[in-house]
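Take a look at the structure set out below.
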Amino acid sequence: MKFFKIISNQYFWLALILFFGFLVRLYKIDSPIADWHSWRQADTAAVTRNFVKLGFNPFLPKYDDMSGVAENSIPNPARFRFVEFPIYNIVVYPFYLIFGVSEVYHRLVSVIFSSASIIFLYLIARKYTNIITAQIAAFIFALLPFNVFFSRTTLPEPTFIFFGLGMLYFVDKWIWENRGIWGIWGMIFTAFAFLIKPWAVFFFLPLFYSVYKKRDKSFFFKKFTPFLLLSLLPFAFWRLWILQQPEGIPSSSWLLNSDGIRFRPAFFWWIISERIGREILGVTGAFLFLLGLIIKVKSGSFLHIWLLSHILFITIFATGNIRHDYYQVIFVPIASIFTSCGFIYLFRRSIDFIPRVWTIFLALLFFLLTFYFGWKEVKGLYQINNYPIVEAGKFADKILPKDAYILAPYNGDTAFLYQTNRPGWALVPASVKDLILDYGVTYYISTANDERTSWVLRHFEILEQNPQFVIADLTKLKEKFDDKGDKEP
């Protein structure tokens, strides 16, 4: 009797989902930062590592790259990294202090934030659908391969989703119940969400809808508007602060529509076919999602407006969403809810021309295939496609001075530079001679057998040369420069 009471409890199933969601996120948690989107992961992880090496100062986060990544390509010798306020790095920092510097703690914190996000998603879905639909939505969010992969990366996205969903839950609860405690929590989560990603604004459309449905003008003007202004103050101060060091603000205008892809056939092909139809939901999950989208749910338009807000995000930041699949992580929570709605509808309903036994079978088949197809697409993201950069970085970290400045050309990808545990350059914006004279670059490391590497090896002392990588000491000239007969590539 006690057993049946336990399994009939909704929180038992939520706890089970949380357990398995946490478990699958531990897959390859000790993987080096050289997997998919390693450049962005390396930049994020470098900030925390430099908190340990240079001193903890969240208002002046620094990474390893000295290249000019700002709008006007200003060199960044101080290595400022002004993107999100480093809330994620602040949480990881104590792990680094206690247990030592290791990317596994970065990944573990991401796993914890992502797992906690399941709770907020469940609570929101339960309010606007029902318990069963909320449980299935939480299950999808917890185990969807696309979401699982990005939930254990060293990216700020898992932290952002946690605070974004928390903002949505607490603020919506405050709007309807008008209790101060929910407003306080809502303000905290809103402030943190915006500090991490300014496109937290795309979580606000459904909240405006809730305010509209409340039909209380005094609440909007006397409470909601001041709440919004106060919540955005930390973000405003942060943006004003980082403008003092523009060289540390990466170029971002290209995210909008720099290549003119918005609304072109390629845009729809990439977002609908490649991302939603293959990488995120698969063709079967996309069918359940569309089915859930067109059926009526008790929420009225709340969930649909939530979805619309993310469609606006994908449309406005068209180029960013096409080039970076992790941008669509923001879409996964609402996609999980609508996919759950579609599955429940197909499982429970009989269709005139299909016997109910077949709708149940199809619902279960499509549901399982969603995870299978997703895994087939996503499993390659875990792979280390160029392991020599990891080996070269480890070797360089052992033999090079701690104060070395590294030139590690990797097409601007900082993942290679990160492995060396030294600051420097991930591309060659000027001649090697100029980088030595103007910026004090002291060592060259490369895994490529190209013309520049050959030139460096002819003119500077070689510290290591093997089939995987080479390291040269740029402070020791082996052969004088002859610009006429042997120009640098």
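All residue names refer to the structure tokens as shown: chains lettered A, B, ... in order, residues numbered from 1 in each chain, ligands numbered from 1 in order.
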
Q: For Ile314 in chain A, list every protein, DNA or RNA residue within 9 Å, evaluated using only C-alpha atoms, and leave out those in the same chain fewer than 6 positions away; present the list as a PyMOL selection string.
A: chain A and resi 271+320-322+327-328

For Ser340 in chain A, list every protein, DNA or RNA residue within 7 Å, evaluated using only C-alpha atoms, and leave out those in the same chain fewer than 4 positions away; present the list as a JSON list (two decimals) with C-alpha atoms, in the first residue's frame.
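The result, stored in around_32.json:
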[["chain", "number", "residue", "atom", "x", "y", "z"],
["A", 133, "THR", "CA", 2.03, 16.50, -19.69],
["A", 136, "ILE", "CA", 6.56, 13.99, -20.04],
["A", 137, "ALA", "CA", 7.89, 17.50, -20.83],
["A", 336, "SER", "CA", 9.67, 19.95, -24.76],
["A", 344, "ILE", "CA", -0.25, 12.82, -25.02]]

Find the spatial neighbours of range 58-67 of chain A, counting only C-alpha atoms, within a cut-off of 10 Å - ignore same-chain residues fewer than 6 positions away - and output them as a compact mmCIF listing (two decimals) with all heavy atoms, in the first residue's frame.
# COMPACT_ATOMS: atom_id res chain seq x y z
N ALA A 42 36.23 27.19 -24.40
CA ALA A 42 37.56 27.56 -23.91
C ALA A 42 37.59 28.99 -23.38
O ALA A 42 38.18 29.27 -22.34
CB ALA A 42 38.59 27.38 -25.03
N ASP A 43 36.94 29.90 -24.11
CA ASP A 43 36.91 31.29 -23.66
C ASP A 43 36.25 31.42 -22.30
O ASP A 43 36.69 32.18 -21.43
CB ASP A 43 36.15 32.15 -24.68
CG ASP A 43 36.93 32.32 -25.98
OD1 ASP A 43 38.13 32.02 -25.99
OD2 ASP A 43 36.33 32.74 -26.99
N THR A 44 35.16 30.67 -22.10
CA THR A 44 34.42 30.72 -20.82
C THR A 44 35.26 30.12 -19.70
O THR A 44 35.37 30.70 -18.61
CB THR A 44 33.09 29.97 -20.94
OG1 THR A 44 32.35 30.48 -22.06
CG2 THR A 44 32.26 30.14 -19.68
N ALA A 45 35.85 28.95 -19.95
CA ALA A 45 36.64 28.28 -18.92
C ALA A 45 37.89 29.07 -18.56
O ALA A 45 38.34 29.05 -17.41
CB ALA A 45 37.01 26.88 -19.38
N ALA A 46 38.46 29.77 -19.54
CA ALA A 46 39.68 30.54 -19.28
C ALA A 46 39.44 31.65 -18.26
O ALA A 46 40.34 32.00 -17.49
CB ALA A 46 40.21 31.14 -20.58
N VAL A 47 38.24 32.21 -18.24
CA VAL A 47 37.92 33.27 -17.28
C VAL A 47 38.05 32.75 -15.86
O VAL A 47 38.66 33.39 -14.99
CB VAL A 47 36.50 33.82 -17.54
CG1 VAL A 47 36.07 34.75 -16.40
CG2 VAL A 47 36.44 34.56 -18.87
N THR A 48 37.49 31.57 -15.59
CA THR A 48 37.58 31.00 -14.24
C THR A 48 39.02 30.66 -13.89
O THR A 48 39.48 30.90 -12.77
CB THR A 48 36.71 29.73 -14.14
OG1 THR A 48 35.44 29.98 -14.72
CG2 THR A 48 36.52 29.33 -12.69
N ARG A 49 39.74 30.08 -14.84
CA ARG A 49 41.14 29.73 -14.58
C ARG A 49 41.96 30.97 -14.26
O ARG A 49 42.84 30.94 -13.38
CB ARG A 49 41.72 29.00 -15.79
CG ARG A 49 43.09 28.40 -15.54
CD ARG A 49 43.50 27.48 -16.67
NE ARG A 49 43.70 28.19 -17.94
CZ ARG A 49 43.96 27.59 -19.10
NH1 ARG A 49 44.03 26.27 -19.15
NH2 ARG A 49 44.13 28.30 -20.19
N ASN A 50 41.66 32.07 -14.93
CA ASN A 50 42.40 33.31 -14.66
C ASN A 50 41.97 33.96 -13.35
O ASN A 50 42.72 34.78 -12.80
CB ASN A 50 42.24 34.27 -15.83
CG ASN A 50 43.13 33.88 -17.00
OD1 ASN A 50 44.26 33.46 -16.81
ND2 ASN A 50 42.61 34.00 -18.22
N PHE A 51 40.78 33.65 -12.85
CA PHE A 51 40.42 34.08 -11.50
C PHE A 51 41.41 33.50 -10.49
O PHE A 51 41.78 34.15 -9.51
CB PHE A 51 39.01 33.61 -11.13
CG PHE A 51 37.89 34.47 -11.69
CD1 PHE A 51 36.59 33.99 -11.73
CD2 PHE A 51 38.14 35.76 -12.14
CE1 PHE A 51 35.56 34.78 -12.22
CE2 PHE A 51 37.12 36.56 -12.64
CZ PHE A 51 35.82 36.06 -12.68
N SER A 73 38.21 45.69 -34.23
CA SER A 73 39.44 44.88 -34.17
C SER A 73 40.55 45.53 -33.33
O SER A 73 41.73 45.46 -33.67
CB SER A 73 39.96 44.60 -35.59
OG SER A 73 39.00 43.89 -36.32
N ILE A 74 40.16 46.19 -32.23
CA ILE A 74 41.16 46.77 -31.33
C ILE A 74 41.92 45.63 -30.64
O ILE A 74 41.30 44.71 -30.12
CB ILE A 74 40.48 47.63 -30.24
CG1 ILE A 74 39.54 48.66 -30.86
CG2 ILE A 74 41.51 48.33 -29.38
CD1 ILE A 74 38.69 49.38 -29.85
N PRO A 75 43.26 45.66 -30.64
CA PRO A 75 44.01 44.63 -29.90
C PRO A 75 43.61 44.63 -28.42
O PRO A 75 43.23 45.67 -27.86
CB PRO A 75 45.47 45.06 -30.08
CG PRO A 75 45.46 45.87 -31.34
CD PRO A 75 44.14 46.58 -31.36
N ASN A 76 43.69 43.47 -27.81
CA ASN A 76 43.22 43.31 -26.44
C ASN A 76 44.34 42.71 -25.57
O ASN A 76 44.22 41.60 -25.07
CB ASN A 76 41.98 42.40 -26.43
CG ASN A 76 41.32 42.30 -25.06
OD1 ASN A 76 41.56 43.12 -24.17
ND2 ASN A 76 40.50 41.29 -24.90
N PRO A 77 45.46 43.46 -25.43
CA PRO A 77 46.59 42.89 -24.68
C PRO A 77 46.27 42.61 -23.22
O PRO A 77 46.91 41.76 -22.60
CB PRO A 77 47.67 43.98 -24.80
CG PRO A 77 46.92 45.25 -25.11
CD PRO A 77 45.73 44.82 -25.91
N ALA A 78 45.27 43.31 -22.65
CA ALA A 78 44.88 43.06 -21.26
C ALA A 78 43.99 41.83 -21.12
O ALA A 78 43.71 41.38 -20.02
CB ALA A 78 44.16 44.27 -20.68
N ARG A 79 43.52 41.31 -22.27
CA ARG A 79 42.72 40.07 -22.34
C ARG A 79 41.38 40.18 -21.62
O ARG A 79 40.88 39.21 -21.05
CB ARG A 79 43.52 38.90 -21.79
CG ARG A 79 44.74 38.57 -22.61
CD ARG A 79 45.90 38.10 -21.78
NE ARG A 79 45.53 37.13 -20.80
CZ ARG A 79 46.18 36.93 -19.66
NH1 ARG A 79 47.24 37.66 -19.38
NH2 ARG A 79 45.80 36.01 -18.82
N PHE A 80 40.75 41.34 -21.65
CA PHE A 80 39.44 41.49 -21.05
C PHE A 80 38.43 40.62 -21.79
O PHE A 80 38.49 40.47 -23.02
CB PHE A 80 38.99 42.95 -21.10
CG PHE A 80 39.79 43.87 -20.22
CD1 PHE A 80 40.37 45.02 -20.73
CD2 PHE A 80 39.96 43.58 -18.87
CE1 PHE A 80 41.11 45.86 -19.93
CE2 PHE A 80 40.70 44.42 -18.06
CZ PHE A 80 41.28 45.57 -18.58
N ARG A 81 37.49 40.08 -21.05
CA ARG A 81 36.44 39.24 -21.63
C ARG A 81 35.09 39.76 -21.15
O ARG A 81 34.56 39.32 -20.13
CB ARG A 81 36.64 37.78 -21.21
CG ARG A 81 35.56 36.81 -21.67
CD ARG A 81 35.54 36.63 -23.16
NE ARG A 81 34.53 35.68 -23.58
CZ ARG A 81 34.20 35.45 -24.84
NH1 ARG A 81 34.82 36.11 -25.81
NH2 ARG A 81 33.28 34.57 -25.15
N PHE A 82 34.55 40.74 -21.87
CA PHE A 82 33.30 41.36 -21.47
C PHE A 82 32.16 40.87 -22.36
O PHE A 82 31.84 41.49 -23.37
CB PHE A 82 33.42 42.88 -21.53
CG PHE A 82 34.31 43.46 -20.47
CD1 PHE A 82 35.35 44.30 -20.80
CD2 PHE A 82 34.12 43.13 -19.14
CE1 PHE A 82 36.18 44.83 -19.82
CE2 PHE A 82 34.94 43.65 -18.15
CZ PHE A 82 35.98 44.51 -18.49
N VAL A 83 31.59 39.77 -21.97
CA VAL A 83 30.40 39.25 -22.64
C VAL A 83 29.31 39.19 -21.58
O VAL A 83 28.72 40.20 -21.25
CB VAL A 83 30.66 37.86 -23.27
CG1 VAL A 83 29.48 37.44 -24.14
CG2 VAL A 83 31.92 37.91 -24.12
N GLU A 84 29.07 38.03 -21.00
CA GLU A 84 28.14 37.92 -19.89
C GLU A 84 28.85 38.27 -18.58
O GLU A 84 30.07 38.11 -18.47
CB GLU A 84 27.56 36.51 -19.81
CG GLU A 84 28.58 35.43 -19.47
CD GLU A 84 29.35 34.92 -20.67
OE1 GLU A 84 28.98 35.23 -21.82
OE2 GLU A 84 30.35 34.20 -20.45
N PHE A 85 28.08 38.78 -17.61
CA PHE A 85 28.66 38.93 -16.27
C PHE A 85 28.96 37.51 -15.77
O PHE A 85 28.11 36.62 -15.88
CB PHE A 85 27.68 39.63 -15.33
CG PHE A 85 28.25 39.90 -13.96
CD1 PHE A 85 29.16 40.91 -13.78
CD2 PHE A 85 27.89 39.11 -12.88
CE1 PHE A 85 29.71 41.16 -12.52
CE2 PHE A 85 28.43 39.34 -11.63
CZ PHE A 85 29.34 40.37 -11.45
N PRO A 86 30.15 37.26 -15.23
CA PRO A 86 30.59 35.88 -15.00
C PRO A 86 29.95 35.17 -13.80
O PRO A 86 30.66 34.65 -12.91
CB PRO A 86 32.11 36.04 -14.81
CG PRO A 86 32.27 37.40 -14.23
CD PRO A 86 31.20 38.24 -14.89
N ILE A 87 28.63 35.12 -13.76
CA ILE A 87 27.94 34.41 -12.68
C ILE A 87 28.32 32.93 -12.68
O ILE A 87 28.60 32.34 -11.63
CB ILE A 87 26.41 34.59 -12.82
CG1 ILE A 87 26.03 36.06 -12.60
CG2 ILE A 87 25.66 33.69 -11.84
CD1 ILE A 87 24.60 36.38 -12.93
N ASN A 89 31.01 31.56 -13.86
CA ASN A 89 32.41 31.41 -13.43
C ASN A 89 32.55 31.60 -11.93
O ASN A 89 33.39 30.95 -11.29
CB ASN A 89 33.29 32.41 -14.16
CG ASN A 89 33.12 32.34 -15.66
OD1 ASN A 89 32.24 33.00 -16.22
ND2 ASN A 89 33.92 31.54 -16.34
N ILE A 90 31.75 32.50 -11.37
CA ILE A 90 31.78 32.74 -9.92
C ILE A 90 31.38 31.48 -9.17
O ILE A 90 31.96 31.15 -8.12
CB ILE A 90 30.86 33.92 -9.55
CG1 ILE A 90 31.44 35.23 -10.09
CG2 ILE A 90 30.66 34.00 -8.04
CD1 ILE A 90 30.49 36.41 -9.99
N TRP A 238 26.17 47.06 -15.68
CA TRP A 238 27.20 46.21 -16.27
C TRP A 238 27.54 46.67 -17.68
O TRP A 238 28.71 46.76 -18.04
CB TRP A 238 26.72 44.76 -16.28
CG TRP A 238 27.62 43.80 -17.02
CD1 TRP A 238 27.33 43.11 -18.16
CD2 TRP A 238 28.95 43.41 -16.66
NE1 TRP A 238 28.39 42.32 -18.55
CE2 TRP A 238 29.40 42.48 -17.65
CE3 TRP A 238 29.81 43.76 -15.62
CZ2 TRP A 238 30.67 41.91 -17.60
CZ3 TRP A 238 31.08 43.18 -15.58
CH2 TRP A 238 31.49 42.27 -16.56
N TRP A 241 29.53 49.81 -17.56
CA TRP A 241 30.88 49.54 -17.06
C TRP A 241 31.77 48.99 -18.16
O TRP A 241 32.90 49.45 -18.34
CB TRP A 241 30.82 48.57 -15.87
CG TRP A 241 32.12 47.95 -15.51
CD1 TRP A 241 32.51 46.65 -15.68
CD2 TRP A 241 33.25 48.60 -14.91
NE1 TRP A 241 33.79 46.44 -15.23
CE2 TRP A 241 34.26 47.62 -14.75
CE3 TRP A 241 33.50 49.91 -14.49
CZ2 TRP A 241 35.51 47.93 -14.18
CZ3 TRP A 241 34.74 50.21 -13.94
CH2 TRP A 241 35.73 49.23 -13.79
N ILE A 242 31.30 48.01 -18.91
CA ILE A 242 32.16 47.36 -19.89
C ILE A 242 32.45 48.27 -21.09
O ILE A 242 33.44 48.05 -21.80
CB ILE A 242 31.57 46.01 -20.37
CG1 ILE A 242 30.30 46.22 -21.20
CG2 ILE A 242 31.32 45.10 -19.19
CD1 ILE A 242 29.74 44.91 -21.75
N GLN A 245 35.98 49.64 -21.51
CA GLN A 245 37.04 48.84 -22.14
C GLN A 245 36.48 48.18 -23.40
O GLN A 245 36.22 46.97 -23.41
CB GLN A 245 37.58 47.78 -21.17
CG GLN A 245 38.35 48.31 -20.00
CD GLN A 245 37.46 48.69 -18.82
OE1 GLN A 245 36.34 48.22 -18.71
NE2 GLN A 245 37.98 49.53 -17.94
N GLU A 247 37.76 47.21 -26.06
CA GLU A 247 38.56 46.15 -26.67
C GLU A 247 38.20 44.77 -26.13
O GLU A 247 38.53 43.74 -26.75
CB GLU A 247 40.06 46.42 -26.43
CG GLU A 247 40.54 46.28 -25.00
CD GLU A 247 40.36 47.54 -24.17
OE1 GLU A 247 39.57 48.42 -24.56
OE2 GLU A 247 41.04 47.66 -23.14
N GLY A 248 37.52 44.74 -24.98
CA GLY A 248 37.13 43.45 -24.39
C GLY A 248 35.74 43.00 -24.76
O GLY A 248 35.29 41.95 -24.28
N TYR A 405 54.27 34.16 -23.67
CA TYR A 405 53.18 34.57 -24.53
C TYR A 405 53.23 33.71 -25.79
O TYR A 405 54.26 33.66 -26.47
CB TYR A 405 53.29 36.05 -24.89
CG TYR A 405 52.97 36.97 -23.73
CD1 TYR A 405 54.01 37.53 -22.97
CD2 TYR A 405 51.66 37.27 -23.39
CE1 TYR A 405 53.73 38.36 -21.89
CE2 TYR A 405 51.37 38.10 -22.32
CZ TYR A 405 52.40 38.64 -21.58
OH TYR A 405 52.13 39.45 -20.51
N ILE A 406 52.12 33.05 -26.07
CA ILE A 406 52.10 32.00 -27.08
C ILE A 406 51.42 32.49 -28.36
O ILE A 406 50.39 33.18 -28.32
CB ILE A 406 51.33 30.78 -26.56
CG1 ILE A 406 51.87 30.33 -25.20
CG2 ILE A 406 51.37 29.64 -27.57
CD1 ILE A 406 53.29 29.85 -25.24
N LEU A 407 52.00 32.10 -29.47
CA LEU A 407 51.34 32.25 -30.75
C LEU A 407 50.91 30.84 -31.18
O LEU A 407 51.75 30.01 -31.53
CB LEU A 407 52.28 32.86 -31.80
CG LEU A 407 51.71 33.03 -33.22
CD1 LEU A 407 50.45 33.88 -33.21
CD2 LEU A 407 52.76 33.63 -34.15
N GLY A 412 41.86 31.32 -35.51
CA GLY A 412 41.16 32.16 -34.56
C GLY A 412 40.47 31.40 -33.44
O GLY A 412 39.92 32.01 -32.52
N ASP A 413 40.48 30.08 -33.51
CA ASP A 413 39.87 29.23 -32.48
C ASP A 413 40.79 29.20 -31.27
O ASP A 413 41.95 28.77 -31.36
CB ASP A 413 39.67 27.83 -33.05
CG ASP A 413 38.86 26.92 -32.12
OD1 ASP A 413 38.86 27.16 -30.90
OD2 ASP A 413 38.24 25.97 -32.64
N THR A 414 40.29 29.64 -30.13
CA THR A 414 41.11 29.74 -28.92
C THR A 414 41.24 28.43 -28.15
O THR A 414 41.91 28.39 -27.13
CB THR A 414 40.54 30.82 -27.99
OG1 THR A 414 39.15 30.54 -27.77
CG2 THR A 414 40.68 32.20 -28.58
N ALA A 415 40.61 27.37 -28.64
CA ALA A 415 40.69 26.08 -27.94
C ALA A 415 42.12 25.59 -27.85
O ALA A 415 42.53 25.01 -26.84
CB ALA A 415 39.82 25.04 -28.64
N LEU A 417 44.94 27.52 -27.95
CA LEU A 417 45.64 28.41 -27.02
C LEU A 417 45.30 28.05 -25.58
O LEU A 417 46.17 28.05 -24.70
CB LEU A 417 45.28 29.86 -27.31
CG LEU A 417 45.92 30.93 -26.43
CD1 LEU A 417 47.42 30.98 -26.64
CD2 LEU A 417 45.30 32.30 -26.73
N TYR A 418 44.03 27.73 -25.32
CA TYR A 418 43.60 27.38 -23.97
C TYR A 418 44.36 26.18 -23.43
O TYR A 418 44.71 26.14 -22.24
CB TYR A 418 42.09 27.10 -23.97
CG TYR A 418 41.57 26.61 -22.65
CD1 TYR A 418 41.24 27.51 -21.64
CD2 TYR A 418 41.42 25.25 -22.39
CE1 TYR A 418 40.77 27.05 -20.40
CE2 TYR A 418 40.95 24.79 -21.17
CZ TYR A 418 40.64 25.70 -20.18
OH TYR A 418 40.18 25.25 -18.97
N THR A 420 47.34 25.34 -23.81
CA THR A 420 48.71 25.65 -23.38
C THR A 420 48.76 26.28 -22.00
O THR A 420 49.84 26.41 -21.41
CB THR A 420 49.38 26.61 -24.38
OG1 THR A 420 48.77 27.90 -24.31
CG2 THR A 420 49.28 26.08 -25.81
N ASN A 421 47.60 26.74 -21.51
CA ASN A 421 47.53 27.39 -20.20
C ASN A 421 48.38 28.66 -20.15
O ASN A 421 48.96 29.01 -19.13
CB ASN A 421 47.97 26.42 -19.09
CG ASN A 421 47.59 26.91 -17.70
OD1 ASN A 421 46.70 27.74 -17.54
ND2 ASN A 421 48.26 26.39 -16.69
N ARG A 422 48.43 29.35 -21.30
CA ARG A 422 49.19 30.59 -21.41
C ARG A 422 48.37 31.59 -22.24
O ARG A 422 47.58 31.19 -23.10
CB ARG A 422 50.53 30.37 -22.13
CG ARG A 422 51.44 29.31 -21.54
CD ARG A 422 52.05 29.74 -20.22
NE ARG A 422 53.09 28.82 -19.78
CZ ARG A 422 52.86 27.64 -19.20
NH1 ARG A 422 51.62 27.24 -19.00
NH2 ARG A 422 53.87 26.87 -18.82
N PRO A 423 48.59 32.87 -22.01
CA PRO A 423 47.93 33.88 -22.87
C PRO A 423 48.66 34.00 -24.20
O PRO A 423 49.81 33.56 -24.34
CB PRO A 423 48.07 35.16 -22.05
CG PRO A 423 49.31 34.96 -21.24
CD PRO A 423 49.36 33.48 -20.92
N GLY A 424 47.98 34.60 -25.16
CA GLY A 424 48.63 34.81 -26.45
C GLY A 424 47.64 35.04 -27.57
O GLY A 424 46.59 35.66 -27.36
N TRP A 425 47.97 34.53 -28.73
CA TRP A 425 47.20 34.80 -29.94
C TRP A 425 46.76 33.49 -30.59
O TRP A 425 47.55 32.55 -30.72
CB TRP A 425 48.06 35.59 -30.94
CG TRP A 425 48.50 36.91 -30.41
CD1 TRP A 425 49.46 37.14 -29.47
CD2 TRP A 425 47.98 38.19 -30.75
NE1 TRP A 425 49.58 38.48 -29.21
CE2 TRP A 425 48.68 39.16 -30.00
CE3 TRP A 425 47.00 38.63 -31.65
CZ2 TRP A 425 48.43 40.52 -30.09
CZ3 TRP A 425 46.75 39.98 -31.75
CH2 TRP A 425 47.45 40.92 -30.97
N ALA A 426 45.50 33.46 -31.02
CA ALA A 426 44.95 32.27 -31.68
C ALA A 426 44.92 32.44 -33.19
O ALA A 426 44.44 31.57 -33.90
CB ALA A 426 43.55 31.98 -31.16
N LEU A 427 45.41 33.57 -33.66
CA LEU A 427 45.54 33.82 -35.09
C LEU A 427 46.76 34.70 -35.31
O LEU A 427 47.39 35.16 -34.35
CB LEU A 427 44.27 34.47 -35.66
CG LEU A 427 43.66 35.68 -34.93
CD1 LEU A 427 44.43 36.95 -35.22
CD2 LEU A 427 42.21 35.87 -35.34
N VAL A 428 47.11 34.92 -36.56
CA VAL A 428 48.29 35.73 -36.87
C VAL A 428 47.82 36.98 -37.61
O VAL A 428 47.76 37.00 -38.84
CB VAL A 428 49.30 34.93 -37.73
CG1 VAL A 428 50.59 35.72 -37.88
CG2 VAL A 428 49.57 33.58 -37.11
N PRO A 429 47.45 38.05 -36.87
CA PRO A 429 46.90 39.25 -37.50
C PRO A 429 47.96 40.13 -38.16
O PRO A 429 47.66 41.02 -38.94
CB PRO A 429 46.25 39.98 -36.34
CG PRO A 429 47.08 39.58 -35.16
CD PRO A 429 47.50 38.17 -35.41
N TYR A 439 54.22 42.96 -29.21
CA TYR A 439 53.42 42.36 -28.15
C TYR A 439 54.17 41.34 -27.32
O TYR A 439 53.60 40.72 -26.42
CB TYR A 439 52.16 41.71 -28.74
CG TYR A 439 51.25 42.73 -29.40
CD1 TYR A 439 51.24 42.89 -30.77
CD2 TYR A 439 50.42 43.54 -28.63
CE1 TYR A 439 50.42 43.83 -31.38
CE2 TYR A 439 49.60 44.47 -29.22
CZ TYR A 439 49.60 44.62 -30.59
OH TYR A 439 48.79 45.56 -31.18

Q) Quick one: distance from CA of Pro226 in chain A to CA of Lys213 in chain A in Å, one decimal? A)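 We find that CA of Pro226 in chain A and CA of Lys213 in chain A lie 19.0 Å from each other.
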
Considering only C-alpha atoms, tabulate each residue of range 119-210 of chain A that lies at most 8 Å from range 374-384 of chain A along with its nearest interatomic pair and the corresponding distance in Å to one decimal; arrange the rows by chain and ascending residue number and present them as JSON lines.
{"residue": "A:Leu144", "atom": "CA", "partner": "A:Gly374", "partner_atom": "CA", "distance": 7.1}
{"residue": "A:Pro145", "atom": "CA", "partner": "A:Trp375", "partner_atom": "CA", "distance": 5.4}
{"residue": "A:Phe146", "atom": "CA", "partner": "A:Val378", "partner_atom": "CA", "distance": 6.1}
{"residue": "A:Phe149", "atom": "CA", "partner": "A:Val378", "partner_atom": "CA", "distance": 7.5}

Write out as a PDB file with C-alpha atoms, in the first residue's frame the residues lying within 12 Å of range 329-331 of chain A, counting only C-alpha atoms and excluding same-chain residues fewer than 6 positions away.
ATOM      1  CA  SER A 114      20.599  22.163 -16.124  1.00  0.00           C
ATOM      2  CA  SER A 117      16.082  23.717 -14.704  1.00  0.00           C
ATOM      3  CA  PHE A 141      13.998  18.106 -21.462  1.00  0.00           C
ATOM      4  CA  LEU A 144      16.807  14.921 -25.186  1.00  0.00           C
ATOM      5  CA  PRO A 145      20.319  14.263 -26.608  1.00  0.00           C
ATOM      6  CA  PHE A 146      20.755  17.800 -27.979  1.00  0.00           C
ATOM      7  CA  ASN A 147      19.934  19.285 -24.607  1.00  0.00           C
ATOM      8  CA  VAL A 148      22.013  16.727 -22.722  1.00  0.00           C
ATOM      9  CA  PHE A 149      25.140  17.572 -24.720  1.00  0.00           C
ATOM     10  CA  PHE A 150      24.899  21.329 -24.243  1.00  0.00           C
ATOM     11  CA  SER A 151      23.902  20.863 -20.593  1.00  0.00           C
ATOM     12  CA  THR A 153      29.445  22.055 -21.792  1.00  0.00           C
ATOM     13  CA  LEU A 155      29.090  27.447 -21.724  1.00  0.00           C
ATOM     14  CA  PRO A 156      26.904  29.964 -19.863  1.00  0.00           C
ATOM     15  CA  GLU A 157      23.782  28.546 -21.567  1.00  0.00           C
ATOM     16  CA  PRO A 158      22.796  25.999 -18.859  1.00  0.00           C
ATOM     17  CA  THR A 159      23.071  28.724 -16.223  1.00  0.00           C
ATOM     18  CA  PHE A 160      21.085  31.118 -18.401  1.00  0.00           C
ATOM     19  CA  ILE A 161      18.292  28.586 -18.992  1.00  0.00           C
ATOM     20  CA  PHE A 162      18.084  27.968 -15.239  1.00  0.00           C
ATOM     21  CA  PHE A 163      17.673  31.650 -14.410  1.00  0.00           C
ATOM     22  CA  GLY A 164      15.458  32.269 -17.464  1.00  0.00           C
ATOM     23  CA  LEU A 165      13.020  29.529 -16.475  1.00  0.00           C
ATOM     24  CA  LYS A 197      22.297  36.942 -21.644  1.00  0.00           C
ATOM     25  CA  TRP A 199      18.105  38.002 -24.793  1.00  0.00           C
ATOM     26  CA  ALA A 200      16.424  37.022 -21.542  1.00  0.00           C
ATOM     27  CA  VAL A 201      14.049  39.670 -22.863  1.00  0.00           C
ATOM     28  CA  PHE A 202      12.589  36.936 -25.075  1.00  0.00           C
ATOM     29  CA  PHE A 203      11.249  35.226 -21.948  1.00  0.00           C
ATOM     30  CA  ILE A 271      16.459  26.110 -38.698  1.00  0.00           C
ATOM     31  CA  ARG A 275      18.227  22.000 -36.400  1.00  0.00           C
ATOM     32  CA  ILE A 276      14.652  21.208 -35.330  1.00  0.00           C
ATOM     33  CA  GLU A 279      19.563  17.814 -34.382  1.00  0.00           C
ATOM     34  CA  ILE A 280      17.058  18.877 -31.725  1.00  0.00           C
ATOM     35  CA  LEU A 281      13.832  16.860 -32.115  1.00  0.00           C
ATOM     36  CA  PHE A 289       5.839  19.114 -31.587  1.00  0.00           C
ATOM     37  CA  TRP A 306       6.366  31.835 -25.204  1.00  0.00           C
ATOM     38  CA  LEU A 307       7.100  29.929 -28.400  1.00  0.00           C
ATOM     39  CA  LEU A 308       6.505  33.049 -30.500  1.00  0.00           C
ATOM     40  CA  SER A 309       9.064  34.955 -28.443  1.00  0.00           C
ATOM     41  CA  HIS A 310      11.735  32.364 -29.243  1.00  0.00           C
ATOM     42  CA  ILE A 311      10.786  32.389 -32.911  1.00  0.00           C
ATOM     43  CA  LEU A 312      11.404  36.145 -32.777  1.00  0.00           C
ATOM     44  CA  PHE A 313      14.802  35.498 -31.184  1.00  0.00           C
ATOM     45  CA  ILE A 314      15.784  33.073 -33.953  1.00  0.00           C
ATOM     46  CA  ASN A 321      21.344  31.116 -34.958  1.00  0.00           C
ATOM     47  CA  ILE A 337       6.250  21.112 -23.569  1.00  0.00           C
ATOM     48  CA  PHE A 338       4.645  21.147 -27.010  1.00  0.00           C
ATOM     49  CA  THR A 339       6.219  17.799 -27.920  1.00  0.00           C
TER      50      THR A 339
END
